[in-house]
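Colleague: File name upload.txt; file contents compact mmCIF, C-alpha atoms; full text below.
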```txt
# COMPACT_ATOMS: atom_id res chain seq x y z
CA MET A 1 62.11 138.04 43.10
CA ALA A 2 61.08 134.69 44.56
CA ALA A 3 64.33 133.19 43.30
CA ALA A 4 66.33 135.97 45.01
CA ARG A 5 64.51 135.35 48.31
CA ALA A 6 65.20 131.61 48.01
CA LEU A 7 68.88 132.32 47.37
CA VAL A 8 69.09 134.60 50.43
CA ALA A 9 67.38 131.96 52.55
CA ALA A 10 69.77 129.26 51.31
CA ILE A 11 72.80 131.42 52.08
CA ALA A 12 71.45 132.18 55.56
CA ALA A 13 70.87 128.49 56.23
CA PHE A 14 74.36 127.67 55.02
CA LEU A 15 75.94 130.33 57.25
CA LEU A 16 73.89 129.10 60.23
CA ALA A 17 75.08 125.53 59.65
CA VAL A 18 78.69 126.67 59.35
CA SER A 19 78.34 128.72 62.52
CA ALA A 20 76.82 125.78 64.43
CA ARG A 21 79.55 123.44 63.23
CA ALA A 22 82.24 125.95 64.16
CA SER A 23 80.66 126.36 67.59
CA LYS A 24 80.66 122.59 68.05
CA TYR A 25 84.31 122.27 67.00
CA SER A 26 85.23 125.20 69.23
CA ARG A 27 83.46 123.60 72.19
CA GLU A 28 85.12 120.24 71.53
CA ALA A 29 88.49 121.97 71.16
CA ASN A 30 88.00 123.79 74.48
CA GLU A 31 86.96 120.59 76.23
CA GLY A 32 89.97 118.80 74.75
CA LEU A 33 92.22 121.64 75.88
CA ALA A 34 90.75 121.49 79.38
CA ASP A 35 91.36 117.72 79.53
CA ALA A 36 94.91 118.20 78.26
CA LYS A 37 95.60 120.89 80.87
CA ARG A 38 94.26 118.63 83.61
CA ARG A 39 96.45 115.75 82.43
CA GLU A 40 99.47 118.05 82.27
CA ALA A 41 98.80 119.46 85.75
CA GLY A 42 98.11 115.99 87.16
CA GLU A 43 94.97 114.24 88.34
CA PHE A 44 95.56 115.33 91.95
CA ARG A 45 96.91 118.41 93.70
CA VAL A 46 99.40 116.38 95.74
CA VAL A 47 102.56 115.23 93.91
CA ARG A 48 102.93 111.83 95.58
CA LEU A 49 99.26 110.99 94.90
CA ASN A 50 99.85 111.72 91.21
CA GLN A 51 102.81 109.34 91.35
CA VAL A 52 100.61 106.62 92.87
CA TRP A 53 97.91 107.22 90.25
CA GLU A 54 100.41 107.09 87.38
CA LYS A 55 101.82 103.84 88.75
CA ALA A 56 98.30 102.39 88.98
CA GLN A 57 97.70 103.11 85.29
CA ARG A 58 100.45 100.60 84.48
CA LEU A 59 98.90 97.83 86.59
CA HIS A 60 96.34 95.35 85.30
CA LEU A 61 93.49 96.64 87.47
CA SER A 62 89.89 96.38 86.33
CA ALA A 63 87.92 99.52 85.46
CA VAL A 64 86.05 99.27 88.77
CA LYS A 65 89.21 98.79 90.86
CA LEU A 66 90.81 101.79 89.16
CA ALA A 67 87.73 103.92 89.86
CA GLU A 68 87.80 102.74 93.51
CA LEU A 69 91.46 103.67 93.80
CA HIS A 70 90.69 107.11 92.38
CA SER A 71 88.03 107.62 95.08
CA ASP A 72 90.46 106.50 97.81
CA LEU A 73 93.11 108.91 96.53
CA LYS A 74 90.58 111.79 96.41
CA ILE A 75 89.80 111.18 100.09
CA GLN A 76 93.55 111.07 100.81
CA GLU A 77 93.98 114.32 98.87
CA LYS A 78 91.22 116.03 100.88
CA ASP A 79 92.82 114.89 104.15
CA GLU A 80 96.34 115.91 103.09
CA LEU A 81 95.25 119.39 101.99
CA SER A 82 93.37 119.85 105.29
CA TRP A 83 96.47 118.73 107.19
CA LYS A 84 98.66 121.26 105.31
CA LYS A 85 96.38 124.05 106.54
CA LEU A 86 96.58 122.73 110.11
CA LYS A 87 100.36 122.45 109.92
CA ALA A 88 100.64 126.04 108.63
CA GLU A 89 98.65 127.13 111.71
CA GLY A 90 100.88 125.05 114.02
CA LEU A 91 98.06 122.66 114.98
CA ASP A 92 99.83 119.31 114.46
CA GLU A 93 102.84 119.72 116.73
CA ASP A 94 102.87 116.07 117.84
CA GLY A 95 102.76 114.85 114.21
CA GLU A 96 99.80 112.57 114.94
CA LYS A 97 97.76 113.62 111.91
CA GLU A 98 100.78 113.43 109.60
CA ALA A 99 101.52 109.90 110.84
CA LYS A 100 97.91 108.89 110.21
CA LEU A 101 98.10 110.24 106.64
CA ARG A 102 101.23 108.16 105.96
CA ARG A 103 99.53 105.13 107.45
CA ASN A 104 96.41 105.64 105.33
CA LEU A 105 98.47 105.94 102.15
CA ASN A 106 100.29 102.72 103.07
CA VAL A 107 96.90 101.00 103.45
CA ILE A 108 95.86 102.25 99.99
CA MET A 109 99.15 101.14 98.40
CA THR A 110 98.86 97.68 99.95
CA LYS A 111 95.15 97.38 99.14
CA TYR A 112 95.81 97.82 95.41
CA GLY A 113 99.05 95.82 95.24
CA MET A 114 101.43 98.77 94.90
CA ASN A 115 103.62 98.05 97.92
CA GLY A 116 105.93 95.67 96.07
CA LYS A 117 104.23 92.55 97.44
CA LYS A 118 102.17 90.15 95.37
CA ASP A 119 98.60 90.07 96.66
CA SER A 120 96.23 87.23 95.77
CA HIS A 121 93.36 89.58 96.64
CA LEU A 122 93.92 91.33 93.28
CA THR A 123 93.94 88.24 91.05
CA ASP A 124 90.20 88.39 90.31
CA THR A 125 89.43 92.05 89.66
CA ASN A 126 86.29 91.72 87.55
CA TYR A 127 83.32 93.20 89.40
CA ILE A 128 80.64 91.21 87.58
CA LYS A 129 82.39 87.84 87.50
CA ASP A 130 83.30 88.07 91.19
CA GLY A 131 81.21 85.12 92.37
CA THR A 132 81.00 82.71 95.27
CA GLU A 133 82.72 79.88 93.43
CA SER A 134 85.75 81.84 92.19
CA ASP A 135 86.89 83.39 95.47
CA THR A 136 88.08 82.27 98.88
CA LEU A 137 87.65 83.78 102.33
CA ASP A 138 91.21 83.08 103.55
CA ASP A 139 89.96 82.21 107.03
CA PRO A 140 89.00 78.63 108.13
CA ARG A 141 86.32 79.96 110.50
CA LEU A 142 84.66 81.97 107.73
CA GLU A 143 84.96 79.10 105.23
CA LYS A 144 83.28 76.74 107.72
CA LEU A 145 80.44 79.17 108.44
CA TRP A 146 79.88 79.83 104.72
CA SER A 147 79.85 76.11 103.92
CA LYS A 148 77.22 75.47 106.61
CA ALA A 149 75.08 78.40 105.45
CA LYS A 150 75.13 77.22 101.80
CA THR A 151 73.91 73.74 102.70
CA SER A 152 71.48 74.69 105.49
CA GLY A 153 68.49 75.34 103.23
CA LYS A 154 67.65 78.46 105.26
CA PHE A 155 68.55 80.93 102.52
CA SER A 156 67.09 81.78 99.13
CA ASP A 157 69.52 82.45 96.25
CA GLU A 158 69.05 86.19 96.79
CA GLU A 159 69.77 85.85 100.52
CA LEU A 160 72.87 83.76 99.80
CA ASP A 161 74.16 86.53 97.52
CA LYS A 162 73.53 89.03 100.30
CA LEU A 163 75.26 86.80 102.88
CA TRP A 164 78.25 86.32 100.56
CA ARG A 165 78.66 90.09 100.33
CA GLU A 166 78.76 90.20 104.14
CA PHE A 167 81.42 87.47 104.24
CA LYS A 168 83.51 89.28 101.61
CA HIS A 169 83.18 92.55 103.55
CA HIS A 170 84.35 90.79 106.72
CA LYS A 171 87.34 89.35 104.85
CA GLU A 172 88.26 92.87 103.68
CA LYS A 173 88.01 94.22 107.26
CA ILE A 174 90.42 91.54 108.49
CA ARG A 175 92.79 92.37 105.64
CA GLU A 176 92.77 96.11 106.44
CA TYR A 177 93.30 95.34 110.13
CA ASN A 178 96.36 93.22 109.27
CA ILE A 179 97.78 96.01 107.08
CA LEU A 180 97.37 98.50 109.93
CA LEU A 181 98.82 96.03 112.44
CA GLU A 182 101.90 95.55 110.25
CA THR A 183 102.34 99.33 110.00
CA VAL A 184 102.08 99.75 113.78
CA SER A 185 104.48 96.86 114.39
CA ARG A 186 107.11 98.47 112.14
CA THR A 187 106.72 101.78 113.98
CA GLU A 188 107.06 100.09 117.36
CA ASP A 189 110.20 98.23 116.27
CA ILE A 190 111.79 101.55 115.28
CA HIS A 191 110.63 103.10 118.58
CA LYS A 192 112.13 100.27 120.67
CA ASN A 193 115.51 100.78 119.02
CA VAL A 194 115.71 104.36 120.34
CA ILE A 195 117.71 104.25 123.60
CA ASN A 196 117.60 107.81 124.96
CA PRO A 197 114.16 109.02 126.09
CA SER A 198 113.32 112.52 124.94
CA GLU A 199 110.39 114.84 124.33
CA GLU A 200 110.32 113.61 120.73
CA ASN A 201 109.93 110.02 121.92
CA LEU A 202 107.03 111.04 124.15
CA VAL A 203 105.35 112.40 121.05
CA LYS A 204 105.96 109.06 119.30
CA GLU A 205 104.37 107.29 122.30
CA GLU A 206 101.24 109.40 121.82
CA VAL A 207 101.13 108.59 118.10
CA LEU A 208 101.45 104.88 118.89
CA HIS A 209 98.71 105.17 121.48
CA ASN A 210 96.37 106.65 118.86
CA LYS A 211 97.28 103.89 116.41
CA HIS A 212 96.45 101.31 119.06
CA ARG A 213 93.08 103.00 119.56
CA GLU A 214 92.40 102.67 115.83
CA LEU A 215 93.44 99.01 115.94
CA LYS A 216 91.15 98.47 118.91
CA ASP A 217 88.20 100.01 117.05
CA LYS A 218 88.86 97.82 114.01
CA LEU A 219 89.21 94.68 116.13
CA ARG A 220 85.95 95.48 117.92
CA SER A 221 84.23 95.82 114.55
CA ILE A 222 85.72 92.50 113.37
CA ASN A 223 84.55 90.67 116.50
CA GLN A 224 81.05 92.13 116.28
CA GLY A 225 80.93 91.31 112.58
CA PHE A 226 81.96 87.69 113.14
CA GLU A 227 79.33 87.22 115.84
CA ARG A 228 76.72 88.58 113.46
CA LEU A 229 77.85 86.23 110.65
CA ARG A 230 77.80 83.29 113.05
CA LYS A 231 74.26 84.14 114.19
CA VAL A 232 72.89 84.76 110.69
CA SER A 233 74.58 81.61 109.30
CA HIS A 234 72.89 79.46 111.93
CA GLN A 235 69.51 81.18 112.21
CA GLY A 236 68.94 82.78 108.81
CA TYR A 237 68.00 86.40 108.16
CA ASP A 238 65.60 88.17 110.45
CA ALA A 239 62.54 89.33 108.50
CA THR A 240 62.67 92.66 110.37
CA SER A 241 66.30 93.38 109.41
CA GLU A 242 66.59 97.07 108.56
CA PHE A 243 69.71 97.14 106.39
CA GLU A 244 71.26 94.96 103.69
CA GLU A 245 74.58 96.62 102.84
CA PRO A 246 77.40 95.13 105.01
CA ARG A 247 79.06 98.50 105.72
CA VAL A 248 75.74 99.94 106.90
CA ILE A 249 75.02 96.90 109.08
CA ASP A 250 78.45 97.34 110.68
CA LEU A 251 77.84 101.03 111.35
CA TRP A 252 74.41 100.36 112.84
CA ASP A 253 75.70 97.61 115.16
CA MET A 254 78.49 99.88 116.40
CA ALA A 255 76.16 102.88 116.73
CA LYS A 256 73.95 100.88 119.09
CA SER A 257 77.02 100.33 121.30
CA ALA A 258 78.02 104.00 121.29
CA ASN A 259 77.02 106.70 123.73
CA PHE A 260 74.07 108.08 121.72
CA THR A 261 70.77 109.27 123.12
CA GLU A 262 67.61 107.65 121.79
CA LYS A 263 66.94 110.72 119.64
CA GLU A 264 70.51 110.74 118.26
CA LEU A 265 70.30 107.02 117.48
CA GLU A 266 67.04 107.49 115.59
CA SER A 267 68.56 110.35 113.60
CA PHE A 268 71.60 108.17 112.85
CA ARG A 269 69.31 105.35 111.67
CA GLU A 270 67.65 107.69 109.15
CA GLU A 271 71.03 108.89 107.91
CA LEU A 272 72.13 105.28 107.43
CA LYS A 273 69.09 104.67 105.20
CA HIS A 274 70.21 107.52 102.94
CA PHE A 275 73.76 106.21 103.03
CA GLU A 276 72.62 102.74 101.98
CA ALA A 277 70.70 104.22 99.02
CA LYS A 278 73.89 106.06 98.00
CA ILE A 279 75.89 102.81 98.14
CA GLU A 280 73.28 100.99 96.01
CA LYS A 281 73.50 103.74 93.39
CA HIS A 282 77.28 103.42 93.41
CA HIS A 283 77.01 99.62 92.94
CA HIS A 284 74.73 100.21 89.96
CA TYR A 285 77.27 102.46 88.26
CA GLN A 286 80.11 100.04 89.06
CA LYS A 287 78.25 97.29 87.24
CA GLN A 288 77.46 99.55 84.29
CA LEU A 289 81.11 100.61 84.10
CA GLU A 290 82.31 97.01 84.01
CA ILE A 291 79.77 96.14 81.28
CA SER A 292 80.83 99.21 79.28
CA HIS A 293 84.51 98.26 79.67
CA GLU A 294 83.91 94.72 78.41
CA LYS A 295 81.89 96.06 75.48
CA LEU A 296 84.60 98.58 74.62
CA LYS A 297 87.26 95.86 74.52
CA HIS A 298 85.05 93.86 72.13
CA ILE A 299 84.41 96.84 69.81
CA GLU A 300 88.11 97.75 69.68
CA GLY A 301 88.67 94.49 67.82
CA THR A 302 86.05 95.23 65.15
CA GLY A 303 87.66 98.35 63.67
CA ASP A 304 84.33 100.25 63.65
CA LYS A 305 85.62 103.74 64.53
CA GLU A 306 82.23 105.47 64.78
CA HIS A 307 80.86 102.77 67.10
CA LEU A 308 84.11 102.84 69.06
CA ASN A 309 83.99 106.62 69.58
CA ARG A 310 80.38 106.47 70.82
CA ASN A 311 81.24 103.76 73.31
CA ARG A 312 84.36 105.58 74.47
CA GLU A 313 82.22 108.61 75.28
CA LYS A 314 79.75 106.45 77.22
CA TYR A 315 82.58 104.70 79.06
CA ALA A 316 84.21 108.04 79.99
CA MET A 317 80.88 109.31 81.35
CA LEU A 318 80.33 106.14 83.43
CA GLU A 319 83.92 106.26 84.67
CA GLU A 320 83.57 109.85 85.90
CA LYS A 321 80.20 109.14 87.53
CA THR A 322 81.56 106.03 89.27
CA LYS A 323 84.56 107.98 90.58
CA GLU A 324 82.31 110.80 91.79
CA LEU A 325 79.88 108.48 93.59
CA GLY A 326 82.76 106.43 95.02
CA TYR A 327 84.25 109.57 96.55
CA LYS A 328 80.89 110.62 98.02
CA VAL A 329 80.33 107.15 99.53
CA LYS A 330 83.82 107.01 101.07
CA LYS A 331 83.57 110.55 102.44
CA HIS A 332 80.15 109.81 103.98
CA LEU A 333 81.50 106.56 105.45
CA GLN A 334 84.47 108.46 106.90
CA ASP A 335 82.17 111.01 108.55
CA LEU A 336 79.80 108.36 109.98
CA SER A 337 82.69 106.23 111.30
CA SER A 338 84.27 109.26 112.96
CA ARG A 339 81.03 110.09 114.81
CA ILE A 340 80.66 106.50 116.03
CA SER A 341 84.32 106.37 117.11
CA GLN A 342 83.82 109.51 119.20
CA GLY A 343 80.75 107.95 120.83
CA LEU A 344 82.65 104.73 121.62
CA GLN A 345 85.60 106.64 123.08
CA HIS A 346 83.17 108.55 125.31
CA ASN A 347 81.93 105.19 126.64
CA GLU A 348 85.50 104.28 127.68
CA LEU A 349 86.06 107.48 129.69
```
Write the structure described by the file as structure tokens, please.
Modeller:
Amino acid sequence: MAAARALVAAIAAFLLAVSARASKYSREANEGLADAKRREAGEFRVVRLNQVWEKAQRLHLSAVKLAELHSDLKIQEKDELSWKKLKAEGLDEDGEKEAKLRRNLNVIMTKYGMNGKKDSHLTDTNYIKDGTESDTLDDPRLEKLWSKAKTSGKFSDEELDKLWREFKHHKEKIREYNILLETVSRTEDIHKNVINPSEENLVKEEVLHNKHRELKDKLRSINQGFERLRKVSHQGYDATSEFEEPRVIDLWDMAKSANFTEKELESFREELKHFEAKIEKHHHYQKQLEISHEKLKHIEGTGDKEHLNRNREKYAMLEEKTKELGYKVKKHLQDLSSRISQGLQHNEL
């Protein structure tokens, strides 16, 4: 009798194990099918963004750069889908929003070296190895300021790292301004070649006016940023400085110049603190992704399949998390910048 009960128990355990294994395989099969369907349908819901993403896969971009590009394209996708709804409702008659979308995509293409031009900005794409000795600032004024700051003795190693991030951020702002300026210049050249004035040309004038406003905002930010770098380089960091992340410092400086009430400014300050924490979390995952990518490349050469599969899973998880956080950071930055821009425009009225 005892033997019969033991046999029944053994069979039950065996069936349970088989069922669990089948469930696992079924789940893995479903997940694999879902991934395959997503790949077949495309990473994005806009055809030309899928084309950009597929092109990027063939470039020698680092894991972090690729994740950043994905976040930029997700923002572009959100804006393009919103614009399609507006267009269907007849709310973009002057074509201003459509022109801005084309301009933004051109900025993205140029930023990641997909515009057919060789860009020295992309030669060092490793997030971790990106140090002060292996990069240049491409601007004599910035190089001079940085050289003075390094030898002044006013900064600790940690503060120098922080200052270098500010210099690199300023370099990127100048680069994005130049990309936008080139886009506007091309548009104006085309516009000047049109001889007969018409209603359509008046629309183009309005689009150009809005582009010039965007250029003006960017130039204002560059000038404010340079003055800040000049002051910090000569005087050192203020012990009461509220923010450390360059993008947040920029936003705060511009917010103080906008038409905000004291209460609105205080609320904005608190939101910037949350935004800075979000950026720091994103930086953490970027670093982890780069480490995971380097480790994965090393393991691929060992032939250890089990170890390789585990690390591929970890890498995929870090990649998705980095993309997700990158999108959230860029969307939040877009929203904050838009609010400040509205406040600055109100000042000019």
Colleague: With a distance cut-off of 10 Å and all atoms listed in the file, select the neighbouring residues of range 244-261 of chain A, excluding the residue or stretch itself and same-chain residues fewer than 2 positions from it, and output the selection as a ChimeraX atom specification.
Modeller: /A:159,162-170,217,220-222,224-225,228,241-242,263-269,272-273,275-277,279-280,333,336-337,339-348
Colleague: What is the CA of Asn115 in chain A to CA of Val64 in chain A distance in Å?
Modeller: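 Distance between the two atoms: 19.8 Å.
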Colleague: Could you state the separation of CA of Leu296 in chain A and CA of Lys314 in chain A in Å, given to one decimal place?
Modeller: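 So the answer is 9.6 Å.
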Colleague: Mind pulling up the distance from CA of Trp83 in chain A to CA of Leu59 in chain A?
Modeller: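 Spanning CA of Leu59 in chain A to CA of Trp83 in chain A is a straight-line distance of 29.4 Å.
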Colleague: Here is a test: counting all atoms listed in the file, which residue of A:Leu61, A:Leu318, A:Val107, A:Gly95 is nearest to His284 in chain A?
Modeller: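 Checking each candidate against His284 in chain A, we get A:Leu318 as the closest.
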Colleague: Determine, counting all atoms listed in the file, every residue of protein, DNA or RNA that lies within 10 Å of (98.4, 93.6, 105.9) in the file coordinates, then give the result as a list in words.
Modeller: Asn106, Val107, Thr110, Lys111, Asp119, Ile174, Arg175, Glu176, Tyr177, Asn178, Ile179, Leu180, Leu181, Glu182 and Thr183 of chain A
Colleague: Between A:Lys297, A:His234, A:Lys171, A:Arg186, which is the closest to Asp139 in chain A once you count only C-alpha atoms?
Modeller: A:Lys171
Colleague: Of the residues A:Ala239, A:Leu49, A:Ala88, A:Leu69, which is the one nearest to Tyr327 in chain A, using all atoms listed in the file?
Modeller: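 Using all atoms listed in the file, Tyr327 in chain A sits closest to A:Leu69.
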Colleague: Find the residues near Lys150 in chain A: any atom within 9 Å, counting all atoms listed in the file, skip ones fewer than 5 places away on the same chain, and give them as a short mmCIF file (atom, residue, chain, number, x, y, z; two decimals) with C-alpha atoms, in the frame of the given file.
Modeller:
```
data_model
loop_
_atom_site.label_atom_id
_atom_site.label_comp_id
_atom_site.auth_asym_id
_atom_site.auth_seq_id
_atom_site.Cartn_x
_atom_site.Cartn_y
_atom_site.Cartn_z
CA LEU A 145 80.44 79.17 108.44
CA PHE A 155 68.55 80.93 102.52
CA LEU A 160 72.87 83.76 99.80
CA SER A 233 74.58 81.61 109.30
#
```
Colleague: Write out as a PyMOL selection string the residues lying within 10 Å of Lys281 in chain A, counting all atoms listed in the file and excluding same-chain residues fewer than 6 positions away.
Modeller: chain A and resi 275+322+325-326+329
Colleague: Please complete range 80-91 of chain A with all heavy atoms and give it back as a compact mmCIF listing (two decimals), in the coordinates of the input.
Modeller:
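Result saved to result.txt:
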```
# COMPACT_ATOMS: atom_id res chain seq x y z
N GLU A 80 94.99 115.33 103.13
CA GLU A 80 96.34 115.91 103.09
C GLU A 80 96.30 117.43 102.95
O GLU A 80 97.08 118.14 103.59
CB GLU A 80 97.16 115.29 101.95
CG GLU A 80 97.48 113.83 102.18
CD GLU A 80 98.79 113.39 101.57
OE1 GLU A 80 99.60 114.25 101.20
OE2 GLU A 80 99.01 112.16 101.49
N LEU A 81 95.37 117.93 102.14
CA LEU A 81 95.25 119.39 101.99
C LEU A 81 94.75 120.03 103.28
O LEU A 81 95.19 121.13 103.65
CB LEU A 81 94.30 119.72 100.82
CG LEU A 81 94.84 119.32 99.42
CD1 LEU A 81 93.77 119.57 98.36
CD2 LEU A 81 96.12 120.08 99.08
N SER A 82 93.85 119.34 103.99
CA SER A 82 93.37 119.85 105.29
C SER A 82 94.51 119.88 106.29
O SER A 82 94.66 120.82 107.07
CB SER A 82 92.24 118.96 105.82
OG SER A 82 91.13 119.00 104.97
N TRP A 83 95.34 118.80 106.26
CA TRP A 83 96.47 118.73 107.19
C TRP A 83 97.48 119.86 106.91
O TRP A 83 98.02 120.45 107.85
CB TRP A 83 97.16 117.38 107.06
CG TRP A 83 98.49 117.34 107.75
CD1 TRP A 83 98.72 117.27 109.10
CD2 TRP A 83 99.78 117.45 107.13
NE1 TRP A 83 100.07 117.31 109.36
CE2 TRP A 83 100.74 117.41 108.17
CE3 TRP A 83 100.21 117.55 105.82
CZ2 TRP A 83 102.11 117.48 107.92
CZ3 TRP A 83 101.58 117.61 105.55
CH2 TRP A 83 102.51 117.59 106.61
N LYS A 84 97.72 120.19 105.65
CA LYS A 84 98.66 121.26 105.31
C LYS A 84 98.23 122.59 105.92
O LYS A 84 99.04 123.38 106.38
CB LYS A 84 98.80 121.38 103.79
CG LYS A 84 99.68 120.30 103.18
CD LYS A 84 99.85 120.46 101.68
CE LYS A 84 100.75 119.37 101.12
NZ LYS A 84 100.91 119.47 99.65
N LYS A 85 96.91 122.83 105.92
CA LYS A 85 96.38 124.05 106.54
C LYS A 85 96.62 124.03 108.05
O LYS A 85 97.01 125.04 108.65
CB LYS A 85 94.89 124.19 106.24
CG LYS A 85 94.58 124.55 104.79
CD LYS A 85 93.08 124.71 104.58
CE LYS A 85 92.75 125.04 103.13
NZ LYS A 85 91.30 125.13 102.91
N LEU A 86 96.36 122.86 108.66
CA LEU A 86 96.58 122.73 110.11
C LEU A 86 98.04 122.94 110.47
O LEU A 86 98.37 123.62 111.43
CB LEU A 86 96.14 121.34 110.58
CG LEU A 86 94.64 121.05 110.65
CD1 LEU A 86 94.40 119.60 111.03
CD2 LEU A 86 93.95 121.96 111.66
N LYS A 87 98.92 122.35 109.66
CA LYS A 87 100.36 122.45 109.92
C LYS A 87 100.81 123.91 109.82
O LYS A 87 101.62 124.38 110.63
CB LYS A 87 101.13 121.59 108.92
CG LYS A 87 102.62 121.51 109.23
CD LYS A 87 103.37 120.69 108.19
CE LYS A 87 104.86 120.66 108.51
NZ LYS A 87 105.64 119.96 107.47
N ALA A 88 100.27 124.63 108.82
CA ALA A 88 100.64 126.04 108.63
C ALA A 88 100.21 126.88 109.83
O ALA A 88 100.83 127.89 110.16
CB ALA A 88 99.98 126.58 107.36
N GLU A 89 99.15 126.42 110.53
CA GLU A 89 98.65 127.13 111.71
C GLU A 89 99.27 126.58 112.99
O GLU A 89 98.88 126.99 114.10
CB GLU A 89 97.12 127.02 111.77
CG GLU A 89 96.42 127.71 110.59
CD GLU A 89 94.95 127.33 110.49
OE1 GLU A 89 94.46 126.63 111.40
OE2 GLU A 89 94.31 127.73 109.50
N GLY A 90 100.20 125.62 112.85
CA GLY A 90 100.88 125.05 114.02
C GLY A 90 100.00 124.16 114.86
O GLY A 90 100.20 124.05 116.08
N LEU A 91 99.03 123.46 114.22
CA LEU A 91 98.06 122.66 114.98
C LEU A 91 98.31 121.16 114.92
O LEU A 91 97.44 120.37 115.26
CB LEU A 91 96.64 122.98 114.48
CG LEU A 91 96.17 124.42 114.69
CD1 LEU A 91 94.79 124.63 114.09
CD2 LEU A 91 96.16 124.77 116.18
```
